[in-house]
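Next comes start-v7.csv, a file with CSV, C-alpha atoms.
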```csv
chain,number,residue,atom,x,y,z
A,24,MET,CA,-6.6,390.5,-24.0
A,25,SER,CA,-9.9,390.8,-22.1
A,26,HIS,CA,-10.1,393.2,-19.2
A,27,ASP,CA,-13.1,391.3,-17.9
A,28,HIS,CA,-12.2,390.2,-14.3
A,29,GLU,CA,-13.8,386.8,-14.8
A,30,HIS,CA,-11.5,386.0,-17.7
A,31,ASP,CA,-8.5,386.4,-15.5
A,32,HIS,CA,-9.5,383.3,-13.6
A,33,GLU,CA,-10.4,381.1,-16.6
A,34,PRO,CA,-7.9,378.2,-16.9
A,35,VAL,CA,-6.3,377.9,-20.3
A,36,ALA,CA,-7.2,374.5,-21.8
A,37,GLU,CA,-4.2,372.2,-21.9
A,38,SER,CA,-3.4,371.2,-25.5
A,39,PRO,CA,-3.4,367.5,-26.4
A,40,VAL,CA,0.4,367.4,-26.8
A,41,ALA,CA,0.9,369.1,-23.5
A,42,THR,CA,-1.3,366.5,-21.9
A,43,ARG,CA,0.7,363.7,-23.5
A,44,VAL,CA,4.0,365.2,-22.2
A,45,ARG,CA,2.6,365.6,-18.7
A,46,LEU,CA,1.3,362.1,-18.6
A,47,LEU,CA,4.6,360.7,-20.0
A,48,ALA,CA,6.5,362.5,-17.2
A,49,ASP,CA,4.0,361.2,-14.6
A,50,ARG,CA,4.5,357.7,-15.8
A,51,LEU,CA,8.2,357.9,-15.9
A,52,VAL,CA,8.2,359.3,-12.3
A,53,ASP,CA,5.7,356.8,-11.0
A,54,GLU,CA,7.6,353.9,-12.5
A,55,GLY,CA,10.9,355.2,-10.9
A,56,ILE,CA,12.6,355.7,-14.2
A,57,VAL,CA,13.3,359.4,-13.5
A,58,THR,CA,12.6,361.6,-10.5
A,59,ARG,CA,10.4,364.7,-10.3
A,60,GLU,CA,13.4,366.5,-8.8
A,61,GLU,CA,15.7,365.8,-11.7
A,62,LEU,CA,13.0,366.9,-14.2
A,63,ARG,CA,12.6,370.1,-12.3
A,64,LYS,CA,16.3,370.8,-12.1
A,65,ARG,CA,16.6,370.3,-15.9
A,66,MET,CA,13.7,372.6,-16.6
A,67,ASP,CA,15.2,375.3,-14.4
A,68,TRP,CA,18.5,374.9,-16.2
A,69,LEU,CA,17.0,375.3,-19.6
A,70,VAL,CA,14.9,378.3,-18.9
A,71,SER,CA,17.9,380.0,-17.2
A,72,ARG,CA,20.2,379.6,-20.2
A,73,ASP,CA,21.0,383.0,-21.7
A,74,PRO,CA,22.8,384.2,-24.8
A,75,ALA,CA,24.6,386.7,-22.6
A,76,ASP,CA,26.8,383.7,-21.5
A,77,GLY,CA,28.0,383.2,-25.1
A,78,ALA,CA,28.4,387.0,-25.4
A,79,ARG,CA,30.7,387.0,-22.4
A,80,LEU,CA,33.0,384.6,-24.2
A,81,VAL,CA,33.1,386.8,-27.2
A,82,ALA,CA,33.6,390.0,-25.3
A,83,ARG,CA,36.5,388.5,-23.4
A,84,ALA,CA,38.0,387.3,-26.6
A,85,TRP,CA,37.7,390.8,-28.1
A,86,VAL,CA,39.6,392.4,-25.2
A,87,ASP,CA,42.1,389.6,-24.3
A,88,PRO,CA,44.0,388.1,-27.2
A,89,GLU,CA,45.4,385.3,-25.1
A,90,PHE,CA,41.9,384.3,-24.0
A,91,LYS,CA,40.8,384.4,-27.6
A,92,ALA,CA,43.6,382.0,-28.5
A,93,ARG,CA,42.3,379.6,-25.8
A,94,LEU,CA,38.7,380.1,-27.0
A,95,LEU,CA,39.7,379.2,-30.5
A,96,GLY,CA,41.8,376.2,-29.3
A,97,ASP,CA,39.0,374.7,-27.1
A,98,ALA,CA,35.8,376.7,-26.5
A,99,ARG,CA,34.5,374.1,-24.0
A,100,GLU,CA,37.5,374.7,-21.7
A,101,ALA,CA,37.4,378.4,-22.2
A,102,ALA,CA,33.8,378.4,-21.1
A,103,LEU,CA,34.6,376.5,-18.0
A,104,GLU,CA,37.5,378.9,-17.3
A,105,VAL,CA,35.0,381.8,-17.2
A,106,GLY,CA,32.7,379.8,-14.9
A,107,LEU,CA,30.1,379.0,-17.6
A,108,ASP,CA,28.4,375.7,-18.3
A,109,PRO,CA,29.4,374.6,-21.8
A,110,GLY,CA,26.6,372.0,-21.8
A,111,PRO,CA,26.7,368.2,-22.5
A,112,SER,CA,28.4,368.3,-25.9
A,113,PRO,CA,31.9,366.9,-25.6
A,114,VAL,CA,33.4,369.4,-28.1
A,115,VAL,CA,32.5,373.1,-28.6
A,116,VAL,CA,34.3,375.1,-31.3
A,117,ALA,CA,34.5,378.8,-31.7
A,118,LEU,CA,34.6,380.2,-35.3
A,119,GLU,CA,36.2,383.5,-35.7
A,120,ASN,CA,34.8,386.0,-38.2
A,121,THR,CA,37.5,388.2,-39.9
A,122,GLU,CA,37.5,390.8,-42.6
A,123,ASP,CA,37.9,387.8,-45.0
A,124,VAL,CA,35.6,385.1,-43.6
A,125,HIS,CA,32.0,385.2,-42.3
A,126,HIS,CA,30.7,382.1,-40.6
A,127,MET,CA,27.1,380.9,-40.4
A,128,VAL,CA,26.0,377.8,-38.4
A,129,VAL,CA,23.2,375.4,-39.3
A,130,CYS,CA,22.2,371.8,-38.5
A,131,THR,CA,20.6,370.6,-41.7
A,132,LEU,CA,19.7,367.2,-40.3
A,133,CYS,CA,17.9,368.2,-37.1
A,134,SER,CA,18.6,371.5,-35.2
A,135,CYS,CA,21.8,371.0,-33.2
A,136,TYR,CA,22.7,374.2,-31.4
A,137,PRO,CA,24.9,375.4,-28.5
A,138,LYS,CA,21.9,375.9,-26.2
A,139,ALA,CA,24.0,375.9,-23.0
A,140,LEU,CA,25.7,379.1,-24.1
A,141,LEU,CA,23.0,380.7,-26.2
A,142,GLY,CA,19.7,379.4,-24.7
A,143,PRO,CA,17.1,377.4,-26.7
A,144,PRO,CA,17.4,378.0,-30.5
A,145,PRO,CA,15.0,380.3,-32.2
A,146,ASP,CA,12.1,378.8,-34.2
A,147,TRP,CA,13.6,380.0,-37.5
A,148,TYR,CA,16.9,378.2,-36.8
A,149,LYS,CA,14.9,374.9,-36.5
A,150,SER,CA,12.7,375.7,-39.5
A,151,LEU,CA,12.8,373.6,-42.7
A,152,PRO,CA,13.6,376.6,-44.9
A,153,TYR,CA,16.6,377.6,-42.9
A,154,ARG,CA,17.9,374.1,-42.8
A,155,SER,CA,17.5,373.7,-46.5
A,156,ARG,CA,18.7,377.1,-47.7
A,157,ALA,CA,21.6,377.8,-45.3
A,158,VAL,CA,23.9,375.4,-47.3
A,159,SER,CA,22.6,376.1,-50.8
A,160,ASP,CA,21.9,379.9,-50.6
A,161,PRO,CA,23.7,381.4,-47.6
A,162,ARG,CA,23.9,384.9,-49.1
A,163,GLY,CA,20.2,384.8,-49.8
A,164,VAL,CA,19.5,383.8,-46.2
A,165,LEU,CA,21.8,386.5,-44.9
A,166,ARG,CA,20.0,389.0,-47.2
A,167,GLU,CA,16.7,388.1,-45.5
A,168,PHE,CA,18.4,388.8,-42.2
A,169,GLY,CA,19.5,392.2,-43.5
A,170,VAL,CA,23.1,391.3,-44.0
A,171,GLU,CA,24.9,392.0,-47.3
A,172,LEU,CA,28.5,390.9,-47.7
A,173,SER,CA,30.9,391.9,-50.4
A,174,ASP,CA,32.0,389.2,-52.9
A,175,ASP,CA,35.6,389.2,-51.6
A,176,ILE,CA,34.4,387.8,-48.3
A,177,GLU,CA,34.1,384.1,-48.0
A,178,VAL,CA,30.8,383.0,-46.5
A,179,ARG,CA,31.6,379.8,-44.6
A,180,VAL,CA,28.5,377.8,-43.6
A,181,VAL,CA,29.2,375.2,-41.0
A,182,ASP,CA,26.8,372.2,-40.8
A,183,SER,CA,26.9,370.7,-37.4
A,184,THR,CA,26.0,367.1,-38.4
A,185,ALA,CA,27.6,365.4,-35.4
A,186,ASN,CA,27.9,366.3,-31.7
A,187,VAL,CA,30.2,369.2,-32.0
A,188,ARG,CA,28.6,372.6,-31.2
A,189,TYR,CA,29.7,375.7,-33.0
A,190,LEU,CA,29.7,379.3,-31.8
A,191,VAL,CA,30.5,382.3,-34.0
A,192,ILE,CA,32.8,385.1,-32.8
A,193,PRO,CA,31.5,388.1,-34.7
A,194,CYS,CA,33.8,390.9,-35.8
A,195,ARG,CA,34.3,393.6,-33.2
A,196,PRO,CA,32.4,396.7,-34.4
A,197,ALA,CA,34.1,400.0,-35.0
A,198,GLY,CA,33.9,402.6,-32.3
A,199,THR,CA,34.3,400.1,-29.4
A,200,ASP,CA,37.9,400.7,-28.5
A,201,GLY,CA,37.5,402.2,-25.1
A,202,MET,CA,34.8,399.7,-24.0
A,203,ASP,CA,35.3,397.1,-21.4
A,204,GLU,CA,33.8,393.5,-21.3
A,205,ASP,CA,30.6,394.5,-19.5
A,206,GLU,CA,29.9,397.3,-22.0
A,207,LEU,CA,30.7,395.0,-25.0
A,208,VAL,CA,28.4,392.1,-23.9
A,209,PRO,CA,25.1,393.9,-25.0
A,210,LEU,CA,26.5,394.4,-28.5
A,211,ILE,CA,27.0,390.7,-29.0
A,212,THR,CA,23.6,389.4,-30.0
A,213,ARG,CA,22.5,385.8,-30.2
A,214,ASP,CA,22.0,386.1,-33.9
A,215,SER,CA,25.6,387.4,-34.3
A,216,MET,CA,26.8,384.2,-32.6
A,217,ILE,CA,24.8,382.0,-35.0
A,218,GLY,CA,26.2,384.0,-37.9
A,219,VAL,CA,23.1,385.6,-39.4
A,220,ALA,CA,23.9,389.1,-38.0
A,221,HIS,CA,26.8,391.4,-37.2
A,222,ALA,CA,27.4,392.5,-33.7
A,223,ARG,CA,25.7,395.8,-32.9
A,224,GLU,CA,27.4,399.1,-33.3
A,225,PRO,CA,27.6,401.1,-30.0
A,226,ALA,CA,25.4,403.9,-31.3
A,227,ALA,CA,22.6,401.5,-32.1
A,228,VAL,CA,22.2,400.2,-28.5
B,106,MET,CA,12.5,363.8,-44.8
B,107,HIS,CA,14.7,365.0,-42.0
B,108,ASP,CA,17.8,365.4,-44.3
B,109,ARG,CA,17.0,368.9,-45.6
B,110,GLY,CA,20.3,370.4,-46.7
B,111,GLY,CA,19.9,372.0,-50.2
B,112,TRP,CA,16.3,371.1,-50.6
B,113,ALA,CA,14.8,373.4,-53.3
B,114,THR,CA,12.4,375.7,-51.5
B,115,ALA,CA,11.3,379.2,-52.3
B,116,GLU,CA,9.9,379.5,-48.8
B,117,PRO,CA,11.2,382.6,-46.9
B,118,ILE,CA,12.5,382.1,-43.5
B,119,VAL,CA,9.9,383.4,-41.1
B,120,ARG,CA,11.9,385.3,-38.5
B,121,GLU,CA,9.7,384.3,-35.6
B,122,ASP,CA,10.4,382.8,-32.3
B,123,HIS,CA,8.3,382.0,-29.3
B,124,GLU,CA,9.0,381.5,-25.7
B,125,LEU,CA,9.0,377.8,-24.9
B,126,ALA,CA,5.8,376.5,-23.4
B,127,ASP,CA,6.0,374.6,-20.2
B,128,TRP,CA,5.4,371.3,-21.9
B,129,GLU,CA,8.3,371.9,-24.3
B,130,VAL,CA,10.7,372.6,-21.4
B,131,LEU,CA,9.4,369.5,-19.7
B,132,MET,CA,9.9,367.5,-22.9
B,133,ASP,CA,13.5,368.7,-23.1
B,134,ALA,CA,14.0,367.7,-19.5
B,135,ILE,CA,12.4,364.3,-19.9
B,136,PHE,CA,14.8,363.3,-22.7
B,137,GLY,CA,17.7,364.9,-20.8
B,138,ALA,CA,16.9,362.8,-17.7
B,139,LEU,CA,16.5,359.6,-19.8
B,140,GLY,CA,19.8,360.3,-21.5
B,141,ALA,CA,21.7,361.0,-18.3
B,142,ARG,CA,20.4,357.7,-16.9
B,143,GLY,CA,21.4,355.8,-19.9
B,144,VAL,CA,17.8,354.8,-20.7
B,145,MET,CA,18.0,356.2,-24.2
B,146,ASN,CA,20.7,358.2,-26.1
B,147,VAL,CA,20.7,361.1,-28.6
B,148,ASP,CA,21.3,358.9,-31.5
B,149,GLU,CA,18.2,356.9,-30.7
B,150,LEU,CA,16.3,360.2,-30.3
B,151,ARG,CA,17.3,361.3,-33.7
B,152,ARG,CA,16.6,357.9,-35.2
B,153,GLY,CA,13.1,357.9,-33.6
B,154,ILE,CA,12.5,361.4,-35.1
B,155,GLU,CA,13.6,360.2,-38.5
B,156,SER,CA,11.1,357.3,-38.4
B,157,MET,CA,8.2,359.6,-38.3
B,158,PRO,CA,5.8,359.4,-41.3
B,159,PRO,CA,6.8,362.3,-43.6
B,160,GLU,CA,3.5,364.2,-43.3
B,161,GLU,CA,3.6,364.0,-39.5
B,162,TYR,CA,7.3,365.1,-39.5
B,163,GLU,CA,6.4,368.2,-41.6
B,164,ARG,CA,3.4,369.1,-39.5
B,165,ALA,CA,5.0,368.5,-36.1
B,166,SER,CA,6.8,371.2,-34.1
B,167,TYR,CA,10.3,370.5,-32.8
B,168,TYR,CA,9.4,369.2,-29.4
B,169,GLU,CA,6.4,367.2,-30.8
B,170,ARG,CA,9.0,365.3,-32.8
B,171,TRP,CA,10.9,364.7,-29.6
B,172,LEU,CA,7.7,363.4,-28.0
B,173,TYR,CA,7.0,361.0,-30.9
B,174,SER,CA,10.6,359.7,-30.7
B,175,VAL,CA,10.7,359.2,-27.0
B,176,GLU,CA,7.4,357.4,-26.9
B,177,SER,CA,8.4,355.2,-29.8
B,178,ILE,CA,11.9,354.4,-28.5
B,179,LEU,CA,10.7,353.7,-25.0
B,180,GLU,CA,8.0,351.3,-26.3
B,181,GLU,CA,10.6,349.6,-28.6
B,182,LYS,CA,12.9,349.1,-25.7
B,183,GLY,CA,10.2,347.8,-23.4
B,184,VAL,CA,10.7,350.6,-20.9
B,185,LEU,CA,7.1,351.6,-21.2
B,186,ASP,CA,4.4,349.3,-22.5
B,187,ARG,CA,1.7,351.2,-24.5
C,21,MET,CA,41.4,355.5,-42.1
C,22,SER,CA,43.0,358.6,-40.7
C,23,PHE,CA,43.5,361.8,-42.5
C,24,GLU,CA,45.7,364.9,-42.2
C,25,GLY,CA,44.7,368.5,-42.2
C,26,GLY,CA,44.8,369.8,-45.8
C,27,GLN,CA,44.4,366.4,-47.3
C,28,ARG,CA,41.9,366.1,-50.2
C,29,VAL,CA,39.1,363.6,-49.6
C,30,ARG,CA,35.9,362.3,-51.2
C,31,ILE,CA,32.8,361.7,-49.2
C,32,SER,CA,31.3,358.3,-50.1
C,33,GLY,CA,28.2,358.4,-52.3
C,34,ARG,CA,26.9,355.1,-50.9
C,35,SER,CA,23.3,354.8,-49.7
C,36,HIS,CA,22.7,353.9,-46.1
C,37,GLY,CA,19.3,352.8,-45.1
C,38,GLY,CA,19.5,353.2,-41.4
C,39,HIS,CA,20.3,356.2,-39.2
C,40,HIS,CA,23.5,358.1,-40.3
C,41,ARG,CA,24.7,361.6,-40.0
C,42,THR,CA,26.2,362.1,-43.5
C,43,PRO,CA,23.7,364.4,-45.3
C,44,ASP,CA,22.7,363.5,-48.9
C,45,TYR,CA,23.8,366.8,-50.2
C,46,VAL,CA,27.5,366.0,-49.3
C,47,LYS,CA,27.6,362.4,-50.5
C,48,GLY,CA,29.9,362.0,-53.5
C,49,LYS,CA,31.5,365.4,-53.0
C,50,THR,CA,35.2,366.2,-52.7
C,51,GLY,CA,36.7,368.4,-50.1
C,52,THR,CA,39.7,369.1,-47.9
C,53,ILE,CA,40.3,368.1,-44.3
C,54,VAL,CA,40.2,371.1,-42.0
C,55,LEU,CA,40.8,369.4,-38.7
C,56,SER,CA,40.0,366.3,-36.7
C,57,HIS,CA,37.7,366.7,-33.7
C,58,GLY,CA,39.0,363.4,-32.3
C,59,PRO,CA,37.2,360.1,-31.7
C,60,PHE,CA,33.4,359.8,-31.2
C,61,THR,CA,31.1,356.9,-30.8
C,62,ASN,CA,29.4,355.7,-34.0
C,63,PRO,CA,25.9,357.1,-34.3
C,64,GLU,CA,24.9,354.5,-36.8
C,65,THR,CA,25.1,351.7,-34.3
C,66,ARG,CA,24.4,353.6,-31.1
C,67,ALA,CA,21.1,354.6,-32.6
C,68,TYR,CA,20.0,351.0,-32.4
C,69,GLY,CA,21.0,350.5,-28.8
C,70,HIS,CA,24.6,349.3,-29.3
C,71,ASP,CA,27.5,351.0,-27.6
C,72,GLY,CA,28.8,352.8,-30.7
C,73,LEU,CA,32.2,351.3,-30.4
C,74,PRO,CA,34.8,351.3,-31.9
C,75,GLU,CA,35.0,355.1,-32.0
C,76,GLN,CA,35.4,356.8,-35.3
C,77,GLN,CA,37.5,359.9,-36.0
C,78,LEU,CA,35.3,362.9,-36.8
C,79,TYR,CA,36.7,365.4,-39.3
C,80,LEU,CA,35.6,368.9,-40.3
C,81,VAL,CA,35.7,368.9,-44.1
C,82,ALA,CA,35.6,371.9,-46.3
C,83,LEU,CA,33.5,371.0,-49.4
C,84,ALA,CA,34.9,372.0,-52.8
C,85,GLY,CA,32.9,374.7,-54.4
C,86,ASP,CA,32.7,376.9,-57.5
C,87,THR,CA,32.5,380.2,-55.8
C,88,LYS,CA,34.5,381.7,-53.0
C,89,ASP,CA,31.9,380.6,-50.4
C,90,ARG,CA,32.3,377.3,-48.7
C,91,VAL,CA,30.2,374.7,-46.8
C,92,TYR,CA,32.0,372.9,-44.0
C,93,VAL,CA,30.6,369.7,-42.6
C,94,ASP,CA,31.5,367.2,-39.8
C,95,VAL,CA,32.0,363.8,-41.4
C,96,TYR,CA,33.0,360.5,-39.7
C,97,GLU,CA,36.1,358.8,-41.0
C,98,HIS,CA,34.3,355.7,-42.4
C,99,TRP,CA,32.5,358.0,-44.9
C,100,LEU,CA,35.8,359.4,-46.2
C,101,GLU,CA,38.3,358.2,-48.9
C,102,GLU,CA,41.4,359.7,-50.2
C,103,ALA,CA,41.0,361.8,-53.3
C,104,GLU,CA,43.5,362.8,-55.9
```
Could you quickly redo this structure as structure tokens?
Amino acid sequence: MSHDHEHDHEPVAESPVATRVRLLADRLVDEGIVTREELRKRMDWLVSRDPADGARLVARAWVDPEFKARLLGDAREAALEVGLDPGPSPVVVALENTEDVHHMVVCTLCSCYPKALLGPPPDWYKSLPYRSRAVSDPRGVLREFGVELSDDIEVRVVDSTANVRYLVIPCRPAGTDGMDEDELVPLITRDSMIGVAHAREPAAV
Amino acid sequence: MHDRGGWATAEPIVREDHELADWEVLMDAIFGALGARGVMNVDELRRGIESMPPEEYERASYYERWLYSVESILEEKGVLDR
Amino acid sequence: MSFEGGQRVRISGRSHGGHHRTPDYVKGKTGTIVLSHGPFTNPETRAYGHDGLPEQQLYLVALAGDTKDRVYVDVYEHWLEEAE
């Protein structure tokens, strides 16, 4: 990055695709098909989505067994109960990891993802290799993410082919017994709610 | 081309991510607004993406695919003339 | 057709030229119904500007497999048949 004062004022050239998108938005607004205000509201919504929201659902489920039951019964309603926005999908399902089952979520057909609760999906989730290999070689994918699971655990890959959004409830790590929800939230990473990572151990934070 | 489940690939998963550029956030908002207003729906969005020529599909980034689809579908529906 | 949890099913192996949400890798495979998500509009018709009615039941299906690991996939009822 240049420290030359002049470079601080140089405008970054707009890429061709950025131009096309800007012009599309302008046309849609000019022709009264959408308003600038609703575009702005939606942009604000997207950039403010945070995986800490999903993590709050998981943390509460860890400390409150009755909430966990409600989360497993209807994650969309459970999110509303906690004051979160579950997003436009009509059905959100929480998948509970146990000592016998480890869930991993993918959308092989496009890249469906619970972005209301986790924020926009990472590039690797949308990538062609992840979409191909998650269903045919999940343990290989997990290994690339540094996760090795014993053979007596069932790896359960869930392919969200329709409009249902899935969220993984990772296993609660050892050494967290005394911790409250606020202390647990930072341990619950976005990747653990996709299913390519475990939740963090307390000493690692 | 879009239906990737189980495709043989030795390609490793590049564990990268990038913060969405403004144009990408705007593209998301454009489709969201069109959807909320009933101008186009998510099934049409996906169908439009699936209609991309294979080389373009592979080369395009996620929101570039959305742009292609929205432009095509809106033209098809006569919402916007090219 | 409607299905019950635990019921064995086969996913149709038919080809479908237009937009559809049944991936190729699941076509022709057998599995077990895990649960029903309830009724959803049909993406195959809604993708072409129709209303997607009548709604179809959407099922979470556990594909049969050789190892302990499993792939679960959401499949619309009109792609499912009873299996032995």
| Sel. within 9 Å of pt (22.2, 380.4, -22.7), counting only C-alpha atoms, output as an NGL selection string | :A and (69-77 or 108 or 137-143)
| request: With a distance cut-off of 7 Å and only C-alpha atoms, select the neighbouring residues of Val116 of chain A, excluding the residue or stretch itself and same-chain residues fewer than 5 positions from it, and output the selection as a ChimeraX atom specification. | output: /A:95,97-98,188-190
Export of prior selection with C-alpha atoms as a PDB file, keeping the file's coordinate frame:
```pdb
ATOM      1  CA  LEU A  95      39.700 379.200 -30.500  1.00  0.00           C
ATOM      2  CA  ASP A  97      39.000 374.700 -27.100  1.00  0.00           C
ATOM      3  CA  ALA A  98      35.800 376.700 -26.500  1.00  0.00           C
ATOM      4  CA  ARG A 188      28.600 372.600 -31.200  1.00  0.00           C
ATOM      5  CA  TYR A 189      29.700 375.700 -33.000  1.00  0.00           C
ATOM      6  CA  LEU A 190      29.700 379.300 -31.800  1.00  0.00           C
TER       7      LEU A 190
END
```
Residues within 9 Å of Glu155 of chain B, all atoms listed in the file, excluding chain neighbours under 6 positions, as a JSON list (two decimals) with C-alpha atoms, in the coordinates of the input:
```
[["chain", "number", "residue", "atom", "x", "y", "z"],
["B", 106, "MET", "CA", 12.50, 363.80, -44.80],
["B", 107, "HIS", "CA", 14.70, 365.00, -42.00],
["B", 108, "ASP", "CA", 17.80, 365.40, -44.30],
["B", 162, "TYR", "CA", 7.30, 365.10, -39.50],
["B", 170, "ARG", "CA", 9.00, 365.30, -32.80],
["B", 174, "SER", "CA", 10.60, 359.70, -30.70],
["C", 39, "HIS", "CA", 20.30, 356.20, -39.20]]
```
| said: What's the separation between atom CA of Val144 of chain B and atom CA of Leu46 of chain A, in Å to one decimal place? | reply: 18.2 Å
| note | Counting all atoms listed in the file, closest pick from A:Arg93, A:Arg83, A:Arg154, A:His126 relative to chain B is A:Arg154
| task | Tell me, as a VMD selection string, which residues lie within 7 Å of Leu83 of chain C, counting only C-alpha atoms; anything in the same chain fewer than 5 positions away does not count. | result | chain C and resid 49 to 52 90 to 92
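Nearest to chain A of all the residues C:Gln76, C:Thr42, C:Ser22, C:Gln27 is C:Thr42, based on only C-alpha atoms.
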As a tab-separated table (two decimals), keeping the file's coordinate frame, please: segment 117-136 of chain B completed to N, CA and C atoms.
```tsv
chain	number	residue	atom	x	y	z
B	117	PRO	N	10.35	381.63	-47.71
B	117	PRO	CA	11.20	382.60	-46.90
B	117	PRO	C	11.33	382.05	-45.51
B	118	ILE	N	12.35	382.50	-44.86
B	118	ILE	CA	12.50	382.10	-43.50
B	118	ILE	C	11.72	383.07	-42.62
B	119	VAL	N	10.76	382.53	-41.93
B	119	VAL	CA	9.90	383.40	-41.10
B	119	VAL	C	10.68	383.66	-39.81
B	120	ARG	N	10.97	384.93	-39.58
B	120	ARG	CA	11.90	385.30	-38.50
B	120	ARG	C	11.14	385.31	-37.18
B	121	GLU	N	10.46	384.20	-36.89
B	121	GLU	CA	9.70	384.30	-35.60
B	121	GLU	C	10.38	383.37	-34.61
B	122	ASP	N	9.94	383.61	-33.42
B	122	ASP	CA	10.40	382.80	-32.30
B	122	ASP	C	9.28	382.84	-31.28
B	123	HIS	N	9.30	381.91	-30.37
B	123	HIS	CA	8.30	382.00	-29.30
B	123	HIS	C	8.96	381.47	-28.04
B	124	GLU	N	8.49	381.95	-26.93
B	124	GLU	CA	9.00	381.50	-25.70
B	124	GLU	C	8.55	380.03	-25.50
B	125	LEU	N	9.43	379.16	-25.08
B	125	LEU	CA	9.00	377.80	-24.90
B	125	LEU	C	7.91	377.60	-23.95
B	126	ALA	N	6.91	376.81	-24.34
B	126	ALA	CA	5.80	376.50	-23.40
B	126	ALA	C	6.33	375.54	-22.37
B	127	ASP	N	5.62	375.47	-21.25
B	127	ASP	CA	6.00	374.60	-20.20
B	127	ASP	C	6.21	373.14	-20.63
B	128	TRP	N	5.29	372.70	-21.49
B	128	TRP	CA	5.40	371.30	-21.90
B	128	TRP	C	6.62	371.05	-22.76
B	129	GLU	N	7.06	372.10	-23.48
B	129	GLU	CA	8.30	371.90	-24.30
B	129	GLU	C	9.51	371.85	-23.40
B	130	VAL	N	9.55	372.70	-22.38
B	130	VAL	CA	10.70	372.60	-21.40
B	130	VAL	C	10.68	371.29	-20.73
B	131	LEU	N	9.48	370.81	-20.38
B	131	LEU	CA	9.40	369.50	-19.70
B	131	LEU	C	9.85	368.40	-20.66
B	132	MET	N	9.47	368.49	-21.93
B	132	MET	CA	9.90	367.50	-22.90
B	132	MET	C	11.41	367.42	-23.02
B	133	ASP	N	12.02	368.59	-23.04
B	133	ASP	CA	13.50	368.70	-23.10
B	133	ASP	C	14.08	367.99	-21.86
B	134	ALA	N	13.47	368.27	-20.71
B	134	ALA	CA	14.00	367.70	-19.50
B	134	ALA	C	13.78	366.19	-19.40
B	135	ILE	N	12.65	365.71	-19.93
B	135	ILE	CA	12.40	364.30	-19.90
B	135	ILE	C	13.50	363.55	-20.70
B	136	PHE	N	13.79	364.02	-21.92
B	136	PHE	CA	14.80	363.30	-22.70
B	136	PHE	C	16.18	363.50	-22.00
```
